[in-house]
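Okay, so here's the structure we're looking at.
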Amino acid sequence: MVLTIVQSLCFVLFVGGCSYIAYRGFRNVYLNIMLGRSAEFTDHPGERGKTMLMVALGQKKMFKRPIAAMLHLVIYVSFVITQVELIEIFIDGIFGTHRIIFHAWEHIPALRGLYVFAINLIEVLSVLTFIVTVAFLYRRDLLKLPRFNKPEMQGWPHMDAHIILFLEMFLIINIFIMNSFDMAAAHGEYGFWISGMIAHYWEGMNPEMLEIFEKIGWWGHLAGVFGFLMYLAHSKHLHILLAFPNTYFSRLTPKGYLNNMPEVTREVKLMLDPNAQVEPAASDAPAKFGAKDIFDLTWKNLLDAYTCTECGRCTAQCPANMTGKKLSPRKIMMDTRDRMEEVREKMDANNGVWADDGKNLIENGYISVEELRACTTCNACVEECPVNISPLDIIMQLRRSLIMEDSNSPNEWNGMFANLENNGAPWQFSPQDRLNWEKA
Amino acid sequence: MDIKVPTMAEMAANGQKPDVLFWVGCSGSFDQRAQRITRAFVKILNHLNIKYAVLGTEESCTGDPAKRAGNEFVYQMLAMQNIEVMNNYGVQEIVTTCPHCFNILKNEYPALGGKYRVRHHAQFLQELIDQGKIKLTDATTFKGKRITYHDSCYLGRANEIYEAPRKVLELLDAELVEMKSCKTKGLCCGAGGAQMFKEEEHGKLRINEARTLEALEVSPDIVASACPFCNTMLTDGVKGKDMQVSVKVFDIAELIAQGQGLDGF
């Protein structure tokens with residue numbers, strides 16, 4: 001009895017502690033995203049809901065690469081379905097019971113059948129997931145798929161990917177430790193196929209040992225689940241949650257659309273006609289053109305950055321990257337996230353208040369001017385992203401700042417701007433010659 | 001041979017209004033290679049007695065290269081001038097042979113007060129073909145020829161127009177072959193985002209070279225494009241591989257004009 005109470009207490013403290021740590025992590029992610037500028041992404045709720053169902057839940061865009069899609073689908077389905085098991089784990093944990101749902105249902109054939117089926121399904125999916133995890137490691141480390149081995153993937157991102165895969169294996173191994181020792185202790189009465197086969201190896205062990213190992217598996221599985229939950233906010237694996245809001249808040253305009261800056265419209269209208277009726281500026285602060293730092297990007301750009309799982313499909317399709325330029329759309333997203341983390345750390349050390357640190361997202365070890373200059377705005381990265389992230393939107397806002405705030409432009413572009421202003425064409429031709437093509 | 005091209009100003013002076021404004025664009029106006037595309041398209045329009053006009057000297061750059069380089073000021077100044085000109089003429093319909101002009105006129109001008117029905121010439125030609133108005137006089141011109149179509153980013157991914165240019169090419173009765181990267185996966189020619197107007201950043205290969213290699217892989221007789229900038233990039237790429245004798249780069253409008261016997265532009 002005392003032991004049961006101690007166990008229940010341990011469980012509640014463990015779950016409570018882990019949940020609190022996880023909450024702190026998620027809260028920081030939320031606060032960081034809210035550092036961004038406001039932007040409207042709530043129109044057409046029906047279309048947004050549909051996009052989320054197709055792209056996040058249905059993984060529509062993953063199927064452009066069928067092999068990766070099938071492998072990913074196994075882990076995804078298995079992850080979702082395995083969570084069913086947590087219901088019983090929670091009840092058992094709180095009340096110190098053992099397989100309470102099974103015992104409540106064991107005399108009702110239909111429900112007992114359902115329970116056994118559910119566990120068997122989880123076990124089959126777990127075996128498949130284990131195989132897929134090995135396949136993922138193989139693709140990453142032995143096949144060395146180029147998109148997993150670009151320069152931006154060195155160091156922490158490489159480690160992050162491996163932590164996720166090993167944590168998945170850890171979870172699965174513990175499911176089988178738990179179930180197989182339980183099967184051996186109960187002489188197979190649960191009727192689980194796969195763990196039943198493993199249980200044969202434990203025949204002859206004494207009942208206390210079986211129970212101890214079963215508990216190790218049970219706690220191990222629980223630790224794996226909560227380990228993941230706490231880790232998510234610090235990992236690229238966060239996509240399992242953010243893929244949903246991120247696809248809901250998708251850009252619904254054609255990919256070719258690039259917004260007209262209203263602050264520029266105001267200035268240009270006054271320039272063309274000093275008496276023009278213009279909307280007053282939203283604030284008295286001097287208008288800032290384009291983005292230099294995370295604060296100047298929209299919250300959607302920042303959500304994009306946290307949603308990125310660093311799969312590198314964008315970079316693999318980027319014409320600049322393909323031809324050896326420094327630009328990698330994935331790195332744009334990773335740098336944005338890293339800068340947010342840096343800002344949060346500094347804010348935490350300063351009672352939650354932001355004090356300018358003299359740095360920003362351009363250069364400072366983040367996104368270089370050379371990278372920004374290499375983009376052809378071809379939208380290949382946007383098209384490829386399985387969770388509707390737009391690296392291009394960030395690139396364009398940073399480019400605007402380079403040109404309009406810093407006058408940081410290659411000489412050829414300066415010449416082009418001058419031509420456009422003087423003769424309405426990017427080349428030095430007279431507007432009077434515009435119709436010369438009709439002469440042979 | 002000079003061709004007669006009506007301007008909006010002339011038409012307005014005669015109290016007339018065209019059905020559609022042909023937006024020529026800077027490349028089509030000034031680039032010698034692209035001028036041939038413009039002439040081919042105009043020959044088709046004239047041949048079909050379509051009531052159109054151009055702005056001529058009143059047309060300016062749409063502002064696309066400035067905007068994509070990051071210079072919103074220059075873009076909006078040009079856009080507002082263009083919109084004023086077009087609104088004064090009461091323009092409602094636009095057709096253009098440049099996907100960059102098409103994209104910006106269709107997607108970005110409306111918010112500045114320029115609301116028009118904008119079509120790219122691939123769509124325009126496809127509609128004419130669907131209506132049975134374009135028929136090839138000499139169907140043997142392209143018999144046995146292999147044509148591969150290069151997707152322009154601003155037509156394809158940017159505006160999801162993949163089928164119209166291919167439908168236009170189907171009329172030619174040639175053998176259409178797809179490159180390794182096509183449609184949503186189409187590889188950029190390297191010109192977009194104002195790259196056309198600057199040196200490429202340091203790398204291993206030029207982007208137009210990479211795309212040309214993909215095109216040459218399918219051993220085409222003709223590389224078809226629907227964008228004057230892609231055309232320039234691919235023409236340069238083919239020349240760079242010394243293949244310009246056996247592989248020709250043509251715009252879809254040029255191919256249709258050739259098929260209609262409207263050659264000699």
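Note on naming: chains are A, B, ... as they come in the structure tokens, residues start from 1 per chain, ligands start from 1 in the order shown.
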What are the nearest atom pairs, with distances in Å to one decimal, for all residues of chain A that come at most 6 Å from chain B, using only C-alpha atoms, set out by chain and rising residue number as JSON lines?
{"residue": "A:Pro254", "atom": "CA", "partner": "B:Asn159", "partner_atom": "CA", "distance": 5.8}
{"residue": "A:Lys255", "atom": "CA", "partner": "B:Ala158", "partner_atom": "CA", "distance": 4.5}
{"residue": "A:Gly256", "atom": "CA", "partner": "B:Ala158", "partner_atom": "CA", "distance": 3.9}
{"residue": "A:Tyr257", "atom": "CA", "partner": "B:Asn107", "partner_atom": "CA", "distance": 5.6}
{"residue": "A:Thr323", "atom": "CA", "partner": "B:Leu205", "partner_atom": "CA", "distance": 5.0}
{"residue": "A:Gly324", "atom": "CA", "partner": "B:Gly203", "partner_atom": "CA", "distance": 4.3}
{"residue": "A:Lys325", "atom": "CA", "partner": "B:Gly203", "partner_atom": "CA", "distance": 4.5}
{"residue": "A:Ala374", "atom": "CA", "partner": "B:Glu201", "partner_atom": "CA", "distance": 5.7}
{"residue": "A:Thr376", "atom": "CA", "partner": "B:Gly193", "partner_atom": "CA", "distance": 4.3}
{"residue": "A:Thr377", "atom": "CA", "partner": "B:Gly193", "partner_atom": "CA", "distance": 4.9}
{"residue": "A:Cys378", "atom": "CA", "partner": "B:Cys153", "partner_atom": "CA", "distance": 5.3}
{"residue": "A:Arg399", "atom": "CA", "partner": "B:Gly70", "partner_atom": "CA", "distance": 5.1}
{"residue": "A:Arg400", "atom": "CA", "partner": "B:Gly70", "partner_atom": "CA", "distance": 4.0}
{"residue": "A:Ile403", "atom": "CA", "partner": "B:Gly70", "partner_atom": "CA", "distance": 5.8}
{"residue": "A:Glu412", "atom": "CA", "partner": "B:Lys198", "partner_atom": "CA", "distance": 5.4}
{"residue": "A:Gly424", "atom": "CA", "partner": "B:Ser60", "partner_atom": "CA", "distance": 4.8}
{"residue": "A:Ala425", "atom": "CA", "partner": "B:Cys61", "partner_atom": "CA", "distance": 5.2}
{"residue": "A:Pro431", "atom": "CA", "partner": "B:Thr57", "partner_atom": "CA", "distance": 5.7}
{"residue": "A:Gln432", "atom": "CA", "partner": "B:Thr57", "partner_atom": "CA", "distance": 5.5}
{"residue": "A:Arg434", "atom": "CA", "partner": "B:Thr57", "partner_atom": "CA", "distance": 5.4}
{"residue": "A:Leu435", "atom": "CA", "partner": "B:Gly56", "partner_atom": "CA", "distance": 5.4}
{"residue": "A:Trp437", "atom": "CA", "partner": "B:Gln35", "partner_atom": "CA", "distance": 5.6}
{"residue": "A:Glu438", "atom": "CA", "partner": "B:Ile3", "partner_atom": "CA", "distance": 5.4}
{"residue": "A:Lys439", "atom": "CA", "partner": "B:Asp2", "partner_atom": "CA", "distance": 4.6}
{"residue": "A:Ala440", "atom": "CA", "partner": "B:Met1", "partner_atom": "CA", "distance": 5.1}
Which residues, written as a PyMOL selection string, have at least one atom at most 7 Å from B:Val249, with only C-alpha atoms counted and residues fewer than 2 positions away on the same chain left out?
chain B and resi 222-224+231+234-235+247
Could you list, as a PyMOL selection string, every residue within 8 Å of B:Val118, counting only C-alpha atoms and ignoring same-chain residues fewer than 2 positions away?
chain B and resi 93-96+102+105-106+116+120
Those same residues - all heavy atoms - I'd like them written as a CSV table (one decimal), in the first residue's frame.
chain,number,residue,atom,x,y,z
B,93,GLU,N,-8.2,45.2,-70.5
B,93,GLU,CA,-7.6,43.9,-70.8
B,93,GLU,C,-6.1,44.1,-71.2
B,93,GLU,O,-5.8,45.0,-72.0
B,93,GLU,CB,-8.3,43.2,-72.0
B,93,GLU,CG,-9.8,43.0,-71.8
B,93,GLU,CD,-10.1,41.5,-71.5
B,93,GLU,OE1,-9.2,40.7,-71.7
B,93,GLU,OE2,-11.2,41.2,-71.0
B,94,ILE,N,-5.2,43.2,-70.7
B,94,ILE,CA,-3.8,43.3,-71.0
B,94,ILE,C,-3.3,41.9,-71.4
B,94,ILE,O,-3.7,40.9,-70.8
B,94,ILE,CB,-3.0,43.8,-69.8
B,94,ILE,CG1,-3.4,45.2,-69.3
B,94,ILE,CG2,-1.5,43.8,-70.2
B,94,ILE,CD1,-2.7,45.7,-68.1
B,95,VAL,N,-2.5,41.9,-72.5
B,95,VAL,CA,-1.8,40.6,-72.8
B,95,VAL,C,-0.3,41.0,-72.8
B,95,VAL,O,0.0,42.1,-73.3
B,95,VAL,CB,-2.3,40.0,-74.1
B,95,VAL,CG1,-2.1,40.8,-75.3
B,95,VAL,CG2,-1.5,38.6,-74.3
B,96,THR,N,0.6,40.1,-72.3
B,96,THR,CA,2.0,40.4,-72.4
B,96,THR,C,2.8,39.2,-72.7
B,96,THR,O,2.4,38.1,-72.3
B,96,THR,CB,2.5,41.1,-71.0
B,96,THR,OG1,3.9,41.3,-71.1
B,96,THR,CG2,2.1,40.2,-69.8
B,102,PHE,N,3.7,40.1,-66.5
B,102,PHE,CA,2.4,39.5,-66.3
B,102,PHE,C,2.2,39.3,-64.8
B,102,PHE,O,1.1,39.7,-64.3
B,102,PHE,CB,2.4,38.1,-66.9
B,102,PHE,CG,1.4,37.1,-66.5
B,102,PHE,CD1,0.0,37.4,-66.8
B,102,PHE,CD2,1.6,36.1,-65.7
B,102,PHE,CE1,-1.0,36.5,-66.4
B,102,PHE,CE2,0.7,35.2,-65.2
B,102,PHE,CZ,-0.7,35.4,-65.6
B,105,LEU,N,1.8,42.9,-63.0
B,105,LEU,CA,0.5,43.6,-63.5
B,105,LEU,C,-0.7,42.8,-62.8
B,105,LEU,O,-1.6,43.5,-62.4
B,105,LEU,CB,0.4,43.5,-65.0
B,105,LEU,CG,1.4,44.4,-65.8
B,105,LEU,CD1,1.3,44.1,-67.3
B,105,LEU,CD2,1.0,45.9,-65.6
B,106,LYS,N,-0.6,41.5,-62.8
B,106,LYS,CA,-1.8,40.8,-62.3
B,106,LYS,C,-1.9,40.8,-60.8
B,106,LYS,O,-3.0,40.9,-60.3
B,106,LYS,CB,-1.6,39.3,-62.8
B,106,LYS,CG,-2.6,38.3,-62.2
B,106,LYS,CD,-2.3,36.9,-62.8
B,106,LYS,CE,-2.9,35.8,-61.9
B,106,LYS,NZ,-2.1,35.4,-60.8
B,116,TYR,N,-6.8,45.2,-63.8
B,116,TYR,CA,-7.0,44.8,-65.2
B,116,TYR,C,-7.1,43.3,-65.2
B,116,TYR,O,-6.7,42.6,-64.3
B,116,TYR,CB,-5.8,45.3,-66.1
B,116,TYR,CG,-5.3,46.7,-65.7
B,116,TYR,CD1,-4.1,46.8,-65.0
B,116,TYR,CD2,-6.0,47.8,-66.1
B,116,TYR,CE1,-3.7,48.1,-64.6
B,116,TYR,CE2,-5.6,49.1,-65.7
B,116,TYR,CZ,-4.4,49.2,-65.0
B,116,TYR,OH,-4.0,50.4,-64.6
B,120,HIS,N,-1.1,36.2,-69.9
B,120,HIS,CA,0.2,36.0,-70.5
B,120,HIS,C,-0.1,35.5,-71.9
B,120,HIS,O,-1.1,34.8,-72.2
B,120,HIS,CB,1.0,35.0,-69.7
B,120,HIS,CG,2.4,34.7,-70.3
B,120,HIS,ND1,2.7,33.6,-71.1
B,120,HIS,CD2,3.5,35.5,-70.3
B,120,HIS,CE1,3.9,33.7,-71.4
B,120,HIS,NE2,4.5,34.8,-71.0
Which neighbours of B:Gly261 fall inside 8 Å, counting only C-alpha atoms, when residues of the same chain fewer than 5 positions from it are skipped, and could you give them as a PyMOL selection string?
chain B and resi 136-138
Just to be explicit: take each residue in the selection above, keep all heavy atoms, and write the result as a compact mmCIF listing (two decimals), in the first residue's frame.
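What follows is the written file out-v5.txt:
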# COMPACT_ATOMS: atom_id res chain seq x y z
N LEU B 136 -2.44 25.86 -88.27
CA LEU B 136 -1.14 25.89 -88.93
C LEU B 136 -1.31 25.65 -90.42
O LEU B 136 -2.02 24.73 -90.84
CB LEU B 136 -0.21 24.84 -88.32
CG LEU B 136 0.12 25.05 -86.85
CD1 LEU B 136 1.36 24.27 -86.47
CD2 LEU B 136 0.32 26.53 -86.51
N THR B 137 -0.67 26.49 -91.22
CA THR B 137 -0.79 26.35 -92.67
C THR B 137 0.07 25.20 -93.16
O THR B 137 -0.31 24.46 -94.05
CB THR B 137 -0.35 27.64 -93.38
OG1 THR B 137 0.91 28.03 -92.82
CG2 THR B 137 -1.36 28.74 -93.19
N ASP B 138 1.22 25.07 -92.54
CA ASP B 138 2.13 24.02 -92.97
C ASP B 138 2.47 23.13 -91.79
O ASP B 138 3.34 23.44 -91.00
CB ASP B 138 3.40 24.66 -93.56
CG ASP B 138 4.32 23.60 -94.13
OD1 ASP B 138 3.92 22.42 -94.15
OD2 ASP B 138 5.43 23.97 -94.55
If you measure from atom CA of A:Ala316 to atom CA of A:Val369, what distance in Å do you get, rounded to one decimal?
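For atom CA of A:Ala316 relative to atom CA of A:Val369, the distance reads 20.7 Å.
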Residues at most 12 Å from A:Gln83, counting only C-alpha atoms, excluding those fewer than 4 positions away in the same chain, as an mmCIF file with all heavy atoms, in the first residue's frame?
data_model
loop_
_atom_site.group_PDB
_atom_site.id
_atom_site.type_symbol
_atom_site.label_atom_id
_atom_site.label_comp_id
_atom_site.auth_asym_id
_atom_site.auth_seq_id
_atom_site.Cartn_x
_atom_site.Cartn_y
_atom_site.Cartn_z
ATOM 1 N N TYR A 76 4.937 8.828 -38.495
ATOM 2 C CA TYR A 76 3.848 9.750 -38.161
ATOM 3 C C TYR A 76 2.624 8.997 -37.640
ATOM 4 O O TYR A 76 2.112 9.293 -36.550
ATOM 5 C CB TYR A 76 3.530 10.560 -39.427
ATOM 6 C CG TYR A 76 2.277 11.387 -39.410
ATOM 7 C CD1 TYR A 76 2.133 12.477 -38.557
ATOM 8 C CD2 TYR A 76 1.236 11.103 -40.289
ATOM 9 C CE1 TYR A 76 0.989 13.247 -38.583
ATOM 10 C CE2 TYR A 76 0.089 11.878 -40.327
ATOM 11 C CZ TYR A 76 -0.034 12.948 -39.472
ATOM 12 O OH TYR A 76 -1.161 13.714 -39.508
ATOM 13 N N VAL A 77 2.188 7.983 -38.388
ATOM 14 C CA VAL A 77 1.006 7.208 -37.981
ATOM 15 C C VAL A 77 1.296 6.511 -36.656
ATOM 16 O O VAL A 77 0.482 6.519 -35.735
ATOM 17 C CB VAL A 77 0.639 6.176 -39.074
ATOM 18 C CG1 VAL A 77 -0.411 5.197 -38.567
ATOM 19 C CG2 VAL A 77 0.144 6.892 -40.315
ATOM 20 N N SER A 78 2.466 5.937 -36.555
ATOM 21 C CA SER A 78 2.848 5.216 -35.359
ATOM 22 C C SER A 78 2.877 6.151 -34.148
ATOM 23 O O SER A 78 2.380 5.826 -33.074
ATOM 24 C CB SER A 78 4.213 4.587 -35.614
ATOM 25 O OG SER A 78 4.808 4.221 -34.425
ATOM 26 N N PHE A 79 3.418 7.344 -34.349
ATOM 27 C CA PHE A 79 3.478 8.322 -33.260
ATOM 28 C C PHE A 79 2.079 8.671 -32.774
ATOM 29 O O PHE A 79 1.802 8.676 -31.578
ATOM 30 C CB PHE A 79 4.190 9.596 -33.746
ATOM 31 C CG PHE A 79 4.063 10.752 -32.800
ATOM 32 C CD1 PHE A 79 4.843 10.817 -31.652
ATOM 33 C CD2 PHE A 79 3.137 11.759 -33.037
ATOM 34 C CE1 PHE A 79 4.703 11.875 -30.767
ATOM 35 C CE2 PHE A 79 2.997 12.815 -32.153
ATOM 36 C CZ PHE A 79 3.779 12.879 -31.015
ATOM 37 N N ILE A 87 -3.150 6.774 -22.299
ATOM 38 C CA ILE A 87 -4.358 6.856 -21.457
ATOM 39 C C ILE A 87 -4.219 5.884 -20.284
ATOM 40 O O ILE A 87 -4.369 6.246 -19.113
ATOM 41 C CB ILE A 87 -5.625 6.518 -22.285
ATOM 42 C CG1 ILE A 87 -5.756 7.494 -23.460
ATOM 43 C CG2 ILE A 87 -6.870 6.543 -21.401
ATOM 44 C CD1 ILE A 87 -6.809 7.078 -24.480
ATOM 45 N N GLU A 88 -3.897 4.630 -20.631
ATOM 46 C CA GLU A 88 -3.782 3.615 -19.578
ATOM 47 C C GLU A 88 -2.569 3.885 -18.679
ATOM 48 O O GLU A 88 -2.638 3.729 -17.464
ATOM 49 C CB GLU A 88 -3.667 2.226 -20.200
ATOM 50 C CG GLU A 88 -3.804 1.116 -19.178
ATOM 51 C CD GLU A 88 -3.788 -0.262 -19.829
ATOM 52 O OE1 GLU A 88 -2.943 -0.486 -20.721
ATOM 53 O OE2 GLU A 88 -4.631 -1.096 -19.447
ATOM 54 N N ILE A 89 -1.481 4.322 -19.305
ATOM 55 C CA ILE A 89 -0.276 4.606 -18.513
ATOM 56 C C ILE A 89 -0.572 5.693 -17.473
ATOM 57 O O ILE A 89 -0.152 5.613 -16.323
ATOM 58 C CB ILE A 89 0.892 5.003 -19.441
ATOM 59 C CG1 ILE A 89 1.394 3.746 -20.171
ATOM 60 C CG2 ILE A 89 2.011 5.693 -18.675
ATOM 61 C CD1 ILE A 89 2.556 3.956 -21.105
ATOM 62 N N PHE A 90 -1.332 6.686 -17.855
ATOM 63 C CA PHE A 90 -1.692 7.757 -16.927
ATOM 64 C C PHE A 90 -2.549 7.243 -15.775
ATOM 65 O O PHE A 90 -2.296 7.558 -14.612
ATOM 66 C CB PHE A 90 -2.420 8.888 -17.663
ATOM 67 C CG PHE A 90 -1.498 10.008 -18.025
ATOM 68 C CD1 PHE A 90 -0.611 9.880 -19.077
ATOM 69 C CD2 PHE A 90 -1.481 11.189 -17.282
ATOM 70 C CE1 PHE A 90 0.264 10.894 -19.399
ATOM 71 C CE2 PHE A 90 -0.603 12.215 -17.590
ATOM 72 C CZ PHE A 90 0.276 12.076 -18.658
ATOM 73 N N ALA A 118 -5.536 -3.079 -30.201
ATOM 74 C CA ALA A 118 -4.856 -1.778 -30.126
ATOM 75 C C ALA A 118 -3.377 -1.960 -29.778
ATOM 76 O O ALA A 118 -2.495 -1.374 -30.411
ATOM 77 C CB ALA A 118 -5.546 -0.883 -29.104
ATOM 78 N N ILE A 119 -3.110 -2.796 -28.777
ATOM 79 C CA ILE A 119 -1.710 -2.989 -28.381
ATOM 80 C C ILE A 119 -0.931 -3.679 -29.499
ATOM 81 O O ILE A 119 0.218 -3.325 -29.795
ATOM 82 C CB ILE A 119 -1.610 -3.806 -27.064
ATOM 83 C CG1 ILE A 119 -2.380 -3.113 -25.932
ATOM 84 C CG2 ILE A 119 -0.140 -4.025 -26.681
ATOM 85 C CD1 ILE A 119 -1.795 -1.813 -25.442
ATOM 86 N N ILE A 122 -0.101 -1.189 -32.094
ATOM 87 C CA ILE A 122 1.008 -0.341 -31.641
ATOM 88 C C ILE A 122 2.333 -1.094 -31.766
ATOM 89 O O ILE A 122 3.341 -0.542 -32.195
ATOM 90 C CB ILE A 122 0.759 0.117 -30.177
ATOM 91 C CG1 ILE A 122 -0.373 1.145 -30.149
ATOM 92 C CG2 ILE A 122 2.032 0.676 -29.548
ATOM 93 C CD1 ILE A 122 -0.882 1.471 -28.761
ATOM 94 N N SER A 126 5.368 -0.098 -34.052
ATOM 95 C CA SER A 126 6.634 0.178 -33.377
ATOM 96 C C SER A 126 7.789 -0.527 -34.075
ATOM 97 O O SER A 126 8.867 0.039 -34.235
ATOM 98 C CB SER A 126 6.575 -0.259 -31.911
ATOM 99 O OG SER A 126 5.604 0.504 -31.233
ATOM 100 N N LEU A 171 12.290 4.948 -27.084
ATOM 101 C CA LEU A 171 10.861 4.798 -26.801
ATOM 102 C C LEU A 171 10.372 3.411 -27.194
ATOM 103 O O LEU A 171 9.674 2.735 -26.427
ATOM 104 C CB LEU A 171 10.071 5.815 -27.635
ATOM 105 C CG LEU A 171 9.736 7.146 -27.007
ATOM 106 C CD1 LEU A 171 9.065 8.045 -28.040
ATOM 107 C CD2 LEU A 171 8.787 6.947 -25.830
ATOM 108 N N ILE A 175 8.894 0.164 -24.994
ATOM 109 C CA ILE A 175 7.561 -0.426 -25.182
ATOM 110 C C ILE A 175 7.688 -1.948 -25.160
ATOM 111 O O ILE A 175 6.907 -2.649 -24.509
ATOM 112 C CB ILE A 175 6.940 0.029 -26.523
ATOM 113 C CG1 ILE A 175 6.505 1.485 -26.431
ATOM 114 C CG2 ILE A 175 5.730 -0.856 -26.893
ATOM 115 C CD1 ILE A 175 5.888 2.022 -27.712
ATOM 116 N N HIS A 221 9.565 4.101 -20.959
ATOM 117 C CA HIS A 221 8.681 4.597 -22.000
ATOM 118 C C HIS A 221 8.150 5.981 -21.633
ATOM 119 O O HIS A 221 8.164 6.909 -22.445
ATOM 120 C CB HIS A 221 7.532 3.603 -22.192
ATOM 121 C CG HIS A 221 6.565 4.001 -23.260
ATOM 122 N ND1 HIS A 221 6.945 4.223 -24.561
ATOM 123 C CD2 HIS A 221 5.230 4.222 -23.220
ATOM 124 C CE1 HIS A 221 5.891 4.575 -25.276
ATOM 125 N NE2 HIS A 221 4.831 4.593 -24.484
ATOM 126 N N LEU A 222 7.719 6.079 -20.376
ATOM 127 C CA LEU A 222 7.185 7.362 -19.893
ATOM 128 C C LEU A 222 8.255 8.456 -19.973
ATOM 129 O O LEU A 222 7.998 9.579 -20.419
ATOM 130 C CB LEU A 222 6.725 7.194 -18.441
ATOM 131 C CG LEU A 222 5.896 8.344 -17.876
ATOM 132 C CD1 LEU A 222 4.510 8.347 -18.504
ATOM 133 C CD2 LEU A 222 5.787 8.224 -16.358
ATOM 134 N N VAL A 225 8.647 9.575 -23.535
ATOM 135 C CA VAL A 225 7.564 10.452 -23.981
ATOM 136 C C VAL A 225 7.763 11.864 -23.437
ATOM 137 O O VAL A 225 7.708 12.854 -24.181
ATOM 138 C CB VAL A 225 6.187 9.901 -23.533
ATOM 139 C CG1 VAL A 225 5.091 10.933 -23.768
ATOM 140 C CG2 VAL A 225 5.870 8.607 -24.274
ATOM 141 N N PHE A 226 8.042 11.980 -22.146
ATOM 142 C CA PHE A 226 8.190 13.319 -21.566
ATOM 143 C C PHE A 226 9.526 13.956 -21.922
ATOM 144 O O PHE A 226 9.639 15.171 -21.978
ATOM 145 C CB PHE A 226 7.933 13.287 -20.056
ATOM 146 C CG PHE A 226 6.460 13.313 -19.759
ATOM 147 C CD1 PHE A 226 5.745 12.127 -19.632
ATOM 148 C CD2 PHE A 226 5.769 14.513 -19.698
ATOM 149 C CE1 PHE A 226 4.379 12.148 -19.419
ATOM 150 C CE2 PHE A 226 4.407 14.536 -19.480
ATOM 151 C CZ PHE A 226 3.707 13.350 -19.345
#
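On the backbone of this structure, DSSP gives strand (DSSP E or B) within stretch 24-136 of chain B to Tyr52, Ala53, Val54, Glu93, Ile94, Val95, Thr96, Arg117, Val118, Arg119 and His120 of chain B.
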Write a file of the selected residues as a compact mmCIF listing (two decimals), in the first residue's frame, keeping N, CA and C atoms.
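Output contents, as saved in again.txt:
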# COMPACT_ATOMS: atom_id res chain seq x y z
N TYR B 52 -6.03 45.36 -81.12
CA TYR B 52 -5.12 45.57 -79.99
C TYR B 52 -4.37 46.87 -80.22
N ALA B 53 -3.65 47.29 -79.20
CA ALA B 53 -2.76 48.45 -79.34
C ALA B 53 -1.64 48.32 -78.32
N VAL B 54 -0.56 49.06 -78.57
CA VAL B 54 0.53 49.10 -77.59
C VAL B 54 0.62 50.52 -77.04
N GLU B 93 -8.18 45.15 -70.47
CA GLU B 93 -7.57 43.86 -70.79
C GLU B 93 -6.12 44.07 -71.19
N ILE B 94 -5.23 43.21 -70.66
CA ILE B 94 -3.82 43.29 -71.03
C ILE B 94 -3.33 41.90 -71.43
N VAL B 95 -2.51 41.86 -72.47
CA VAL B 95 -1.78 40.63 -72.76
C VAL B 95 -0.31 41.02 -72.85
N THR B 96 0.56 40.15 -72.34
CA THR B 96 1.99 40.45 -72.36
C THR B 96 2.78 39.19 -72.66
N ARG B 117 -7.69 42.85 -66.35
CA ARG B 117 -7.66 41.41 -66.59
C ARG B 117 -6.38 41.16 -67.38
N VAL B 118 -5.45 40.46 -66.77
CA VAL B 118 -4.12 40.30 -67.37
C VAL B 118 -3.91 38.85 -67.80
N ARG B 119 -3.47 38.68 -69.01
CA ARG B 119 -3.14 37.34 -69.48
C ARG B 119 -1.73 37.32 -70.06
N HIS B 120 -1.10 36.19 -69.89
CA HIS B 120 0.19 35.99 -70.53
C HIS B 120 -0.08 35.46 -71.94
If you run DSSP on the backbone here, which positions in stretch 181-269 of chain A get alpha helix (DSSP H)? Please write them as a ChimeraX atom specification.
/A:181-185,193-199,207-232,239-248,262-269
d(atom CA of B:Glu163, atom CA of B:Cys182) in Å:
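Spanning atom CA of B:Glu163 to atom CA of B:Cys182 is a straight-line distance of 11.5 Å.
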I'd like the contact shell of A:Glu106 - 12 Å cut-off, only C-alpha atoms, skipping same-chain residues fewer than 4 positions apart - returned as a ChimeraX atom specification.
/A:99-102,110-116,189-191
Can you measure atom CA of A:Leu210 to atom CA of A:Ala185 for me? One decimal in Å is fine.
5.9 Å
Which neighbours of A:Arg313 fall inside 9 Å, counting only C-alpha atoms, when residues of the same chain fewer than 2 positions from it are skipped, and could you give them as a list of chain:residue names?
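Here the qualifying residues turn out to be A:Arg147, A:Glu310, A:Cys311, A:Thr315, A:Ala316, A:Gln317, A:Cys318, A:Arg330, A:Cys381, A:Glu384, A:Cys385, A:Pro386.
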